[in-house]
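Okay, query.cif now, which holds mmCIF, C-alpha atoms:
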data_model
#
loop_
_atom_site.label_atom_id
_atom_site.label_comp_id
_atom_site.auth_asym_id
_atom_site.auth_seq_id
_atom_site.Cartn_x
_atom_site.Cartn_y
_atom_site.Cartn_z
CA MET A 1 -358.67 11.82 27.32
CA SER A 2 -357.57 15.45 27.84
CA GLU A 3 -356.96 14.89 31.56
CA LEU A 4 -354.88 11.82 30.75
CA LYS A 5 -352.76 13.79 28.28
CA GLU A 6 -352.21 16.56 30.84
CA ARG A 7 -350.94 14.04 33.37
CA LEU A 8 -348.81 11.90 31.07
CA LEU A 9 -347.54 14.48 28.56
CA PRO A 10 -345.17 17.18 29.82
CA PRO A 11 -346.07 20.81 29.11
CA ARG A 12 -344.03 22.41 26.36
CA PRO A 13 -342.77 25.51 28.20
CA ALA A 14 -341.74 23.54 31.28
CA SER A 15 -338.20 22.30 31.66
CA ALA A 16 -336.89 19.10 33.13
CA MET A 17 -335.94 20.88 36.37
CA ASN A 18 -339.50 22.14 36.89
CA LEU A 19 -340.85 18.65 36.36
CA ARG A 20 -338.42 17.29 38.89
CA ASP A 21 -339.53 19.95 41.36
CA SER A 22 -343.15 18.89 40.90
CA ALA A 23 -342.30 15.22 41.38
CA VAL A 24 -342.29 13.24 44.58
CA THR A 25 -339.99 14.53 47.32
CA ARG A 26 -339.97 11.42 49.45
CA PRO A 27 -336.44 10.76 50.77
CA SER A 28 -334.79 7.48 49.97
CA ALA A 29 -332.89 5.12 52.23
CA SER A 30 -329.67 7.00 51.55
CA GLY A 31 -331.22 10.21 52.83
CA ARG A 32 -331.46 12.09 49.51
CA ALA A 33 -334.48 12.96 47.42
CA PRO A 34 -335.10 10.43 44.64
CA LEU A 35 -336.21 12.83 41.92
CA LEU A 36 -334.49 16.07 42.94
CA GLY A 37 -330.99 17.09 41.98
CA VAL A 38 -330.23 14.10 39.81
CA ASP A 39 -326.59 14.05 38.82
CA VAL A 40 -326.20 13.55 35.09
CA LEU A 41 -322.71 12.15 35.48
CA GLY A 42 -323.96 9.73 38.12
CA LEU A 43 -326.53 8.08 35.90
CA LYS A 44 -323.85 5.63 34.77
CA LYS A 45 -320.62 5.21 36.68
CA ARG A 46 -317.70 4.80 34.35
CA GLY A 47 -315.43 1.89 35.07
CA GLN A 48 -317.81 0.47 37.68
CA GLY A 49 -320.67 -0.80 35.51
CA LEU A 50 -323.21 0.81 37.85
CA ARG A 51 -326.46 2.35 36.75
CA SER A 52 -328.86 4.54 38.62
CA TRP A 53 -332.33 3.02 39.00
CA ILE A 54 -335.59 4.43 40.36
CA ARG A 55 -337.43 1.89 42.51
CA VAL A 56 -341.16 2.25 43.22
CA ASP A 57 -342.69 -0.23 45.66
CA THR A 58 -346.31 -1.27 46.10
CA SER A 59 -346.97 1.59 48.54
CA GLY A 60 -345.76 4.26 46.12
CA ASN A 61 -342.46 4.94 47.89
CA THR A 62 -339.55 5.82 45.62
CA GLN A 63 -335.87 5.16 46.07
CA VAL A 64 -332.84 5.85 43.89
CA MET A 65 -330.26 3.08 43.98
CA GLU A 66 -327.11 2.26 42.04
CA VAL A 67 -326.95 -1.37 40.93
CA ASP A 68 -324.74 -3.11 38.40
CA LYS A 69 -326.08 -5.28 35.62
CA PHE A 70 -325.32 -8.65 37.18
CA THR A 71 -326.95 -7.74 40.48
CA MET A 72 -330.06 -6.66 38.59
CA MET A 73 -330.05 -9.93 36.65
CA ARG A 74 -329.95 -11.93 39.89
CA ARG A 75 -332.52 -9.69 41.56
CA CYS A 76 -335.13 -10.04 38.81
CA ASP A 77 -334.03 -13.42 37.43
CA LEU A 78 -333.57 -12.02 33.91
CA PRO A 79 -331.10 -12.88 31.15
CA ALA A 80 -328.67 -10.31 29.84
CA ARG A 81 -330.51 -9.90 26.53
CA ASP A 82 -333.60 -8.62 28.37
CA LEU A 83 -331.59 -5.92 30.12
CA ARG A 84 -330.19 -4.79 26.78
CA LEU A 85 -333.73 -3.84 25.78
CA LEU A 86 -333.66 -1.21 28.54
CA ASP A 87 -330.36 0.33 27.49
CA PRO A 88 -331.03 3.93 26.32
CA LEU A 89 -327.91 3.85 24.13
CA PHE A 90 -329.57 1.37 21.76
CA VAL A 91 -332.83 1.70 19.86
CA TYR A 92 -335.05 -1.36 20.12
CA PRO A 93 -338.65 -1.76 18.96
CA SER A 94 -341.45 -1.79 21.49
CA THR A 95 -341.54 -5.05 23.43
CA ILE A 96 -343.43 -6.54 26.38
CA LEU A 97 -341.87 -9.73 27.74
CA GLY A 98 -343.35 -11.88 30.50
CA ARG A 99 -340.73 -13.78 32.50
CA GLU A 100 -340.83 -16.00 35.56
CA LYS A 101 -340.45 -13.24 38.13
CA ALA A 102 -340.67 -10.01 36.14
CA ILE A 103 -342.19 -8.23 33.16
CA VAL A 104 -339.78 -6.37 30.87
CA VAL A 105 -341.48 -3.33 29.30
CA ASN A 106 -339.99 -1.29 26.47
CA LEU A 107 -342.67 1.09 25.22
CA GLU A 108 -341.31 4.25 23.61
CA GLN A 109 -339.64 6.28 26.41
CA ILE A 110 -340.90 3.98 29.19
CA ARG A 111 -338.34 1.24 29.83
CA CYS A 112 -338.80 -0.58 33.10
CA ILE A 113 -338.81 -3.91 34.93
CA ILE A 114 -342.03 -4.80 36.74
CA THR A 115 -342.07 -7.41 39.48
CA ALA A 116 -344.72 -8.45 41.98
CA ASP A 117 -343.33 -6.03 44.60
CA GLU A 118 -341.62 -3.17 42.74
CA VAL A 119 -341.04 -1.27 39.52
CA LEU A 120 -337.47 -0.53 38.45
CA LEU A 121 -336.79 2.24 35.93
CA LEU A 122 -333.50 3.55 34.65
CA ASN A 123 -332.92 6.92 36.26
CA SER A 124 -333.27 9.45 33.47
CA LEU A 125 -333.87 13.15 32.98
CA ASP A 126 -336.59 12.38 30.46
CA ASN A 127 -339.85 14.10 31.34
CA TYR A 128 -341.91 11.05 30.41
CA VAL A 129 -340.04 8.86 32.92
CA LEU A 130 -340.68 11.34 35.71
CA ARG A 131 -344.31 11.64 34.69
CA TYR A 132 -344.62 7.87 34.75
CA VAL A 133 -343.24 7.72 38.31
CA VAL A 134 -345.59 10.45 39.52
CA GLU A 135 -348.61 8.86 37.85
CA LEU A 136 -347.74 5.43 39.28
CA GLN A 137 -347.51 6.89 42.78
CA GLN A 138 -350.90 8.56 42.42
CA ARG A 139 -352.51 5.35 41.19
CA LEU A 140 -351.00 3.30 44.00
CA LYS A 141 -352.19 5.74 46.64
CA THR A 142 -355.66 5.77 45.13
CA SER A 143 -355.79 1.98 44.95
CA SER A 144 -354.65 1.64 48.57
CA VAL A 145 -357.82 3.43 49.65
CA GLY A 146 -359.88 0.95 47.66
CA GLU A 147 -358.02 -1.97 49.24
CA MET A 148 -358.78 -0.65 52.73
CA TRP A 149 -362.46 -0.40 51.83
CA GLN A 150 -362.32 -3.94 50.48
CA GLN A 151 -360.80 -5.26 53.72
CA GLU A 152 -363.46 -3.54 55.83
CA ASN A 153 -366.21 -5.19 53.80
CA ALA A 154 -364.58 -8.60 53.60
CA GLN A 155 -367.21 -10.22 55.81
CA LEU A 156 -370.00 -8.92 53.58
CA SER A 157 -368.19 -10.05 50.42
CA ARG A 158 -367.84 -13.63 51.70
CA ARG A 159 -371.62 -13.98 51.98
CA ARG A 160 -372.11 -13.20 48.33
CA SER A 161 -371.77 -15.70 45.53
CA ARG A 162 -368.37 -16.35 43.99
CA SER A 163 -369.44 -15.32 40.52
CA PHE A 164 -370.63 -11.96 41.75
CA ASP A 165 -367.37 -11.41 43.60
CA ASN A 166 -365.32 -12.22 40.53
CA ALA A 167 -367.36 -9.91 38.35
CA PHE A 168 -367.06 -7.14 40.94
CA GLU A 169 -363.32 -7.51 41.34
CA ASN A 170 -362.61 -7.76 37.62
CA SER A 171 -364.72 -4.74 36.74
CA SER A 172 -362.82 -2.34 39.01
CA PRO A 173 -359.29 -1.30 38.08
CA ASP A 174 -358.41 -0.62 41.72
CA TYR A 175 -358.27 -4.35 42.47
CA LEU A 176 -355.84 -5.24 39.70
CA PRO A 177 -352.53 -6.76 40.80
CA PHE A 178 -349.60 -4.46 41.24
CA GLU A 179 -347.85 -5.55 38.05
CA PHE A 180 -350.96 -4.85 35.98
CA ARG A 181 -351.34 -1.36 37.43
CA ALA A 182 -347.76 -0.54 36.47
CA LEU A 183 -348.24 -2.11 33.03
CA GLU A 184 -351.46 -0.17 32.52
CA ILE A 185 -349.75 3.16 33.22
CA ALA A 186 -346.94 2.25 30.80
CA LEU A 187 -349.50 1.41 28.11
CA GLU A 188 -351.35 4.67 28.81
CA ALA A 189 -348.15 6.67 28.51
CA ALA A 190 -347.13 4.99 25.26
CA CYS A 191 -350.58 5.20 23.66
CA THR A 192 -351.04 8.82 24.74
CA PHE A 193 -347.60 9.80 23.47
CA LEU A 194 -348.16 8.18 20.08
CA ASP A 195 -351.67 9.61 19.80
CA SER A 196 -350.41 13.12 20.59
CA GLN A 197 -347.72 12.82 17.92
CA ALA A 198 -350.34 11.61 15.42
CA SER A 199 -352.58 14.58 16.30
CA GLU A 200 -349.71 17.04 15.87
CA LEU A 201 -348.89 15.47 12.53
CA GLU A 202 -352.50 15.83 11.42
CA ILE A 203 -352.61 19.49 12.45
CA GLU A 204 -349.49 20.15 10.39
CA ALA A 205 -350.37 17.94 7.43
CA TYR A 206 -353.86 18.97 6.35
CA PRO A 207 -353.18 22.73 5.80
CA LEU A 208 -349.94 21.89 4.00
CA LEU A 209 -351.67 19.44 1.68
CA ASP A 210 -354.46 21.92 0.95
CA GLU A 211 -351.85 24.55 0.11
CA LEU A 212 -350.07 22.13 -2.17
CA THR A 213 -353.25 21.41 -4.15
CA SER A 214 -353.77 25.12 -4.75
CA LYS A 215 -350.13 25.97 -5.49
CA ILE A 216 -347.66 23.36 -6.69
CA SER A 217 -344.14 24.52 -5.91
CA THR A 218 -340.80 22.96 -5.09
CA LEU A 219 -340.93 24.23 -1.50
CA ASN A 220 -344.34 22.71 -0.84
CA LEU A 221 -343.30 19.42 -2.43
CA GLU A 222 -340.21 19.27 -0.21
CA ARG A 223 -342.30 19.92 2.92
CA VAL A 224 -344.73 17.18 1.95
CA ARG A 225 -341.83 14.78 1.39
CA ARG A 226 -340.52 15.42 4.89
CA LEU A 227 -344.01 15.07 6.31
CA LYS A 228 -344.46 11.73 4.61
CA SER A 229 -341.14 10.47 6.00
CA ARG A 230 -342.25 11.36 9.52
CA LEU A 231 -345.59 9.69 8.91
CA VAL A 232 -343.96 6.44 7.78
CA ALA A 233 -341.65 6.36 10.83
CA LEU A 234 -344.51 7.06 13.24
CA THR A 235 -346.71 4.45 11.58
CA ARG A 236 -344.03 1.81 12.06
CA ARG A 237 -343.79 2.59 15.77
CA VAL A 238 -347.54 2.50 16.26
CA GLN A 239 -347.79 -0.70 14.25
CA LYS A 240 -345.11 -2.33 16.43
CA VAL A 241 -346.96 -1.47 19.65
CA ARG A 242 -350.22 -2.74 18.16
CA ASP A 243 -348.62 -6.00 17.02
CA GLU A 244 -347.04 -6.53 20.44
CA ILE A 245 -350.38 -6.13 22.24
CA GLU A 246 -352.12 -8.34 19.70
CA GLN A 247 -349.46 -11.02 20.08
CA LEU A 248 -349.95 -11.03 23.85
CA MET A 249 -353.72 -11.27 23.48
CA ASP A 250 -353.40 -14.24 21.14
CA ASP A 251 -351.10 -16.23 23.44
CA ASP A 252 -352.73 -17.35 26.71
CA GLY A 253 -349.45 -18.76 27.97
CA ASP A 254 -347.68 -15.39 27.74
CA MET A 255 -350.55 -13.70 29.55
CA ALA A 256 -350.45 -16.36 32.27
CA GLU A 257 -346.73 -15.72 32.75
CA MET A 258 -347.49 -12.09 33.57
CA TYR A 259 -349.54 -12.93 36.67
CA LEU A 260 -346.60 -12.37 38.98
CA THR A 261 -348.57 -11.73 42.17
CA GLU A 262 -350.65 -14.85 41.71
CA LYS A 263 -347.58 -16.98 40.98
CA LYS A 264 -345.81 -15.56 44.02
CA ARG A 265 -348.80 -16.24 46.27
CA ARG A 266 -349.14 -19.80 45.04
CA LEU A 267 -345.41 -20.41 45.40
CA GLU A 268 -345.41 -19.09 48.95
CA GLY A 269 -348.45 -21.20 49.77
CA SER A 270 -346.81 -24.28 48.32
CA LEU A 271 -343.58 -23.67 50.25
CA TYR A 272 -345.52 -23.05 53.45
CA GLY A 273 -347.46 -26.28 52.95
CA ASP A 274 -344.27 -28.25 52.35
CA GLN A 275 -342.66 -26.80 55.47
CA SER A 276 -345.72 -27.60 57.56
CA LEU A 277 -345.80 -31.14 56.18
CA LEU A 278 -342.11 -31.65 56.84
CA GLY A 279 -342.36 -30.11 60.30
CA TYR A 280 -345.12 -32.38 61.55
CA ARG A 281 -344.07 -35.54 59.75
CA SER A 282 -342.02 -38.04 61.67
CA ASN A 283 -340.16 -41.02 60.30
CA ASP A 284 -339.13 -43.77 62.71
CA GLY A 285 -340.05 -41.61 65.68
CA LEU A 286 -337.75 -38.74 64.63
CA SER A 287 -338.87 -35.20 63.81
CA VAL A 288 -337.52 -33.52 60.71
CA SER A 289 -336.70 -30.41 62.69
CA ALA A 290 -334.47 -32.43 65.03
CA PRO A 291 -330.87 -33.12 64.06
CA VAL A 292 -330.53 -36.43 62.28
CA SER A 293 -327.39 -38.46 62.11
CA PRO A 294 -326.14 -39.31 58.65
CA VAL A 295 -325.99 -42.96 59.63
CA SER A 296 -329.70 -43.18 60.46
CA SER A 297 -330.74 -41.86 57.03
CA PRO A 298 -329.36 -43.93 54.20
CA PRO A 299 -328.51 -42.28 50.86
CA ASP A 300 -331.32 -44.11 49.03
CA SER A 301 -334.01 -42.72 51.28
CA ARG A 302 -332.64 -39.19 51.02
CA ARG A 303 -332.47 -39.49 47.26
CA LEU A 304 -336.07 -40.72 47.23
CA ASP A 305 -337.26 -37.82 49.40
CA LYS A 306 -335.46 -35.38 47.13
CA SER A 307 -337.04 -36.82 43.99
CA LEU A 308 -340.47 -36.78 45.61
CA SER A 309 -340.00 -33.15 46.63
CA ILE A 310 -338.97 -32.14 43.11
CA ALA A 311 -341.92 -33.99 41.60
CA ARG A 312 -344.30 -32.37 44.07
CA SER A 313 -342.94 -28.88 43.36
CA ARG A 314 -343.27 -29.43 39.60
CA HIS A 315 -346.82 -30.64 40.06
CA ASP A 316 -347.70 -27.60 42.17
CA SER A 317 -346.09 -25.28 39.63
CA ALA A 318 -347.99 -26.87 36.75
CA ARG A 319 -351.22 -26.74 38.72
CA SER A 320 -350.69 -23.05 39.53
CA SER A 321 -349.95 -22.28 35.87
CA GLU A 322 -353.14 -24.05 34.83
CA GLY A 323 -355.10 -22.11 37.42
CA VAL A 324 -353.69 -18.81 36.21
CA THR A 325 -354.34 -19.72 32.57
CA GLU A 326 -357.99 -20.33 33.32
CA ASN A 327 -358.40 -16.82 34.73
CA ILE A 328 -356.75 -14.37 32.34
CA GLU A 329 -359.85 -12.36 31.55
CA GLU A 330 -358.77 -9.26 33.47
CA LEU A 331 -355.43 -9.01 31.67
CA GLU A 332 -357.10 -9.73 28.35
CA MET A 333 -359.65 -6.96 28.97
CA LEU A 334 -356.83 -4.58 29.94
CA LEU A 335 -354.87 -5.32 26.78
CA GLU A 336 -358.00 -5.16 24.65
CA ALA A 337 -358.80 -1.65 25.90
CA TYR A 338 -355.40 -0.30 24.87
CA PHE A 339 -355.45 -2.32 21.68
CA VAL A 340 -358.54 -0.33 20.71
CA VAL A 341 -356.75 2.93 21.55
CA ILE A 342 -353.59 2.12 19.58
CA ASP A 343 -355.68 0.75 16.71
CA SER A 344 -357.56 4.06 16.60
CA THR A 345 -354.23 5.89 16.39
CA LEU A 346 -353.14 3.58 13.59
CA ASN A 347 -356.39 4.22 11.72
CA LYS A 348 -355.80 7.94 12.12
CA LEU A 349 -352.35 7.63 10.57
CA THR A 350 -353.71 5.38 7.83
CA SER A 351 -356.36 7.97 6.97
CA LEU A 352 -353.68 10.65 6.83
CA LYS A 353 -351.56 8.49 4.54
CA GLU A 354 -354.55 7.90 2.28
CA TYR A 355 -355.18 11.66 2.19
CA ILE A 356 -351.56 12.22 1.18
CA ASP A 357 -351.87 9.57 -1.52
CA ASP A 358 -355.07 11.18 -2.80
CA THR A 359 -353.34 14.55 -2.87
CA GLU A 360 -350.45 13.08 -4.83
CA ASP A 361 -352.90 11.52 -7.29
CA PHE A 362 -354.69 14.84 -7.66
CA ILE A 363 -351.39 16.62 -8.30
CA ASN A 364 -350.41 14.01 -10.87
CA ILE A 365 -353.76 14.47 -12.60
CA GLN A 366 -353.22 18.22 -12.68
CA LEU A 367 -349.74 17.80 -14.10
CA ASP A 368 -351.01 15.35 -16.71
CA ASN A 369 -353.72 17.82 -17.68
CA VAL A 370 -351.19 20.62 -18.10
CA ARG A 371 -348.96 18.30 -20.09
CA ASN A 372 -351.84 17.38 -22.39
CA GLN A 373 -352.66 21.04 -22.94
CA LEU A 374 -349.06 21.73 -23.85
CA ILE A 375 -349.11 18.83 -26.31
CA GLN A 376 -352.33 20.14 -27.92
CA PHE A 377 -350.87 23.63 -28.19
CA GLU A 378 -347.71 22.23 -29.73
CA LEU A 379 -349.83 20.25 -32.21
CA LEU A 380 -351.78 23.35 -33.29
CA LEU A 381 -348.58 25.35 -33.50
CA THR A 382 -346.96 22.71 -35.71
CA THR A 383 -350.01 22.68 -37.99
CA ALA A 384 -349.99 26.48 -38.29
CA THR A 385 -346.28 26.40 -39.05
CA PHE A 386 -346.95 23.91 -41.85
CA VAL A 387 -349.61 26.20 -43.36
CA VAL A 388 -347.33 29.22 -43.17
CA ALA A 389 -344.63 27.18 -44.86
CA ILE A 390 -346.89 26.97 -47.92
CA PHE A 391 -346.52 30.71 -48.41
CA GLY A 392 -342.76 30.25 -48.23
CA VAL A 393 -342.90 27.63 -50.97
CA VAL A 394 -344.96 29.90 -53.22
CA ALA A 395 -342.65 32.84 -52.54
CA GLY A 396 -339.66 30.64 -53.36
CA ILE A 397 -341.17 29.54 -56.67
CA PHE A 398 -342.03 33.05 -57.80
CA GLY A 399 -338.68 34.35 -56.64
CA MET A 400 -336.74 32.25 -59.13
CA ASN A 401 -334.86 33.94 -61.97
CA PHE A 402 -337.00 32.95 -64.99
CA GLU A 403 -339.57 34.85 -66.98
CA ILE A 404 -343.28 33.94 -67.17
CA ASP A 405 -346.05 35.82 -68.96
CA PHE A 406 -348.12 35.64 -65.80
CA PHE A 407 -345.72 38.07 -64.12
CA ASN A 408 -346.61 40.81 -66.61
CA GLN A 409 -350.30 40.87 -65.61
CA PRO A 410 -351.21 43.72 -63.16
CA GLY A 411 -353.32 41.61 -60.62
CA ALA A 412 -351.24 38.45 -60.65
CA PHE A 413 -349.67 38.99 -57.23
CA ARG A 414 -353.06 39.56 -55.59
CA TRP A 415 -354.47 36.32 -57.03
CA VAL A 416 -351.44 34.36 -55.89
CA LEU A 417 -351.97 35.58 -52.30
CA ILE A 418 -355.72 34.81 -52.36
CA ILE A 419 -355.32 31.32 -53.76
CA THR A 420 -352.44 30.50 -51.37
CA GLY A 421 -354.39 31.77 -48.33
CA VAL A 422 -357.52 29.79 -49.24
CA CYS A 423 -355.48 26.62 -49.73
CA GLY A 424 -353.69 27.14 -46.42
CA PHE A 425 -356.98 27.68 -44.57
CA VAL A 426 -358.47 24.56 -46.10
CA ILE A 427 -355.42 22.50 -45.16
CA PHE A 428 -355.44 23.86 -41.57
CA SER A 429 -359.17 23.10 -41.17
CA ALA A 430 -358.63 19.60 -42.50
CA PHE A 431 -355.90 18.99 -39.93
CA VAL A 432 -358.08 20.30 -37.06
CA TRP A 433 -360.98 18.11 -38.13
CA PHE A 434 -358.67 15.11 -38.31
CA PHE A 435 -357.36 15.79 -34.78
CA LYS A 436 -360.87 16.00 -33.35
CA TYR A 437 -361.94 12.93 -35.26
CA ARG A 438 -359.07 10.95 -33.71
CA ARG A 439 -359.82 12.52 -30.28
CA LEU A 440 -356.39 14.09 -30.09
CA MET A 441 -358.02 17.38 -29.08
CA PRO A 442 -361.09 18.11 -26.91
CA LEU A 443 -364.27 18.78 -28.84
#
Kindly transcribe the structure held in the file into structure tokens.
Amino acid sequence: MSELKERLLPPRPASAMNLRDSAVTRPSASGRAPLLGVDVLGLKKRGQGLRSWIRVDTSGNTQVMEVDKFTMMRRCDLPARDLRLLDPLFVYPSTILGREKAIVVNLEQIRCIITADEVLLLNSLDNYVLRYVVELQQRLKTSSVGEMWQQENAQLSRRRSRSFDNAFENSSPDYLPFEFRALEIALEAACTFLDSQASELEIEAYPLLDELTSKISTLNLERVRRLKSRLVALTRRVQKVRDEIEQLMDDDGDMAEMYLTEKKRRLEGSLYGDQSLLGYRSNDGLSVSAPVSPVSSPPDSRRLDKSLSIARSRHDSARSSEGVTENIEELEMLLEAYFVVIDSTLNKLTSLKEYIDDTEDFINIQLDNVRNQLIQFELLLTTATFVVAIFGVVAGIFGMNFEIDFFNQPGAFRWVLIITGVCGFVIFSAFVWFFKYRRLMPL
């Protein structure tokens, strides 16, 4: 996991120019380096509708090309709404779409179009895009060695049973189709990026929460509020990626649509078979490859041949889709592996949220305890004030301007104080006993 983070996550002190220097220096068809000296103003030509794209083929070769939106739509057979998902000016949730000839991937910073022969990324100065290109080139070069070894041992593999061959091919990631290798690296980059952000959030959160439990202050509460906002935003992003992978795993048809190499191979085989059949078939002694006069072929027969050809192509397409649907285990295993990774990240964030909620509950308990103590102190203070008020009543009575024989006795004042004090003490004790009896104060 640490090696994967070092390859996919850019180092903090490094700048974008250093990462471009460490990237691939293979020249493109135009004679310039694809990842060196990228012009910021040339990423999108104003007034021309052109965008700069990085193209990576199956051999790992890179090329920077400038293509407009409509050319890209025709090239990948995609609608305009799918290309809007790749626009960096807009913020869209994470999405993985399987189309007829391409896979549209929008996972965090990685926004690309994957076909059976190439990967197209918007040319960007983002470090994660450059890291994705470098990692894809390394994987493709490594897998090419495995493919050469597989070709050398093809004769030995044919002698083995078909079940053993399938198990052997599905268990090794080097024999995955090109589109799945590119998709795997995109999933790795997204999962690693989200997991690193979750780890950084954990490192920052736990000491802050421990400090808040020991010292409740406005500054600490404000820091925890900001931390919780970041946690909620990150949880939504992780949850979206998890839901997208789970949705793909639950739909076999969507997974079958993503087998671009298999669909291309079956389509080429079907077209080659149709051409061979039409080349060697002869009607009325005439070859199809020879020029035919319009008079010799009536419109009804041509219409019938056209309808038969369309029906045959639909049948072959349906049969190829059924064949791909029956064998989606390798893609399902790939998605399941990263579903476990992103689910672990989500569990990590959920645990952190629960810890924050527990800390908030603990703080509320502490505040309630302090509030209860203040209420008890106020209750005792009110009772003492009532007892002291008794002395004020007695002083007010004896301070009136009327004569009593009791005032002429020498020890009268002392007895008044003693009797008043004893009565006040008895009244205060009665109040305290009543409070404890009603459980208004701790015993």
Original post:
Quick one: distance from atom CA of Ile114 of chain A to atom CA of Glu179 of chain A in Å, one decimal?
Top reply: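 Between atom CA of Ile114 of chain A and atom CA of Glu179 of chain A the gap is 6.0 Å.
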Original post:
So what does the PyMOL selection byres ((chain A and resi 252-260) around 10) actually pick up in this one, as a PyMOL selection string?
Top reply: chain A and resi 96-104+114-117+177-180+247-251+261-266+320-329+331-332+335
Original post:
Any idea what the distance is between atom CA of Ser199 of chain A and atom CA of Leu86 of chain A?
Top reply: 27.5 Å
**OP:** Kindly give the distance, in Å, that separates atom CA of Gly269 of chain A and atom CA of Asp57 of chain A, rounded to a single decimal.
**Re:** 22.1 Å
Subject >> Output check: residues returned by the PyMOL selection byres ((chain A and resi 91) around 12), as a VMD selection string >> reply: chain A and resid 84 to 90 92 to 95 106 to 109 111 237
Original post:
Skipping near chain neighbours, those fewer than 3 positions away, what residues fall within 12 Å of segment 220-224 of chain A using all atoms listed in the file, listed as a list in words?
Top reply: Leu201, Glu204, Ala205, Tyr206, Pro207, Leu208, Leu209, Asp210, Glu211, Leu212, Thr213, Ser214, Lys215, Ile216, Ser217, Leu227, Lys228, Ser229, Arg230, Leu231, Lys353, Tyr355, Ile356, Asp357, Thr359, Glu360 and Ile363 of chain A
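The smallest atom-to-atom distance between Glu200 of chain A and any of A:Ala389, A:Ile397, A:Leu352, A:Cys76, using all atoms listed in the file, is found for A:Leu352.
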For the point (-330.5, -8.7, 33.1) in file coordinates, what residues are within 9 Å, counting all atoms listed in the file? Give the answer as an mmCIF file with C-alpha atoms, keeping the file's coordinate frame?
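So out24.cif came out as:
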data_model
loop_
_atom_site.group_PDB
_atom_site.id
_atom_site.type_symbol
_atom_site.label_atom_id
_atom_site.label_comp_id
_atom_site.auth_asym_id
_atom_site.auth_seq_id
_atom_site.Cartn_x
_atom_site.Cartn_y
_atom_site.Cartn_z
ATOM 1 C CA LYS A 69 -326.080 -5.280 35.620
ATOM 2 C CA PHE A 70 -325.320 -8.650 37.180
ATOM 3 C CA THR A 71 -326.950 -7.740 40.480
ATOM 4 C CA MET A 72 -330.060 -6.660 38.590
ATOM 5 C CA MET A 73 -330.050 -9.930 36.650
ATOM 6 C CA ARG A 74 -329.950 -11.930 39.890
ATOM 7 C CA ARG A 75 -332.520 -9.690 41.560
ATOM 8 C CA CYS A 76 -335.130 -10.040 38.810
ATOM 9 C CA ASP A 77 -334.030 -13.420 37.430
ATOM 10 C CA LEU A 78 -333.570 -12.020 33.910
ATOM 11 C CA PRO A 79 -331.100 -12.880 31.150
ATOM 12 C CA ALA A 80 -328.670 -10.310 29.840
ATOM 13 C CA ARG A 81 -330.510 -9.900 26.530
ATOM 14 C CA ASP A 82 -333.600 -8.620 28.370
ATOM 15 C CA LEU A 83 -331.590 -5.920 30.120
ATOM 16 C CA ARG A 84 -330.190 -4.790 26.780
#
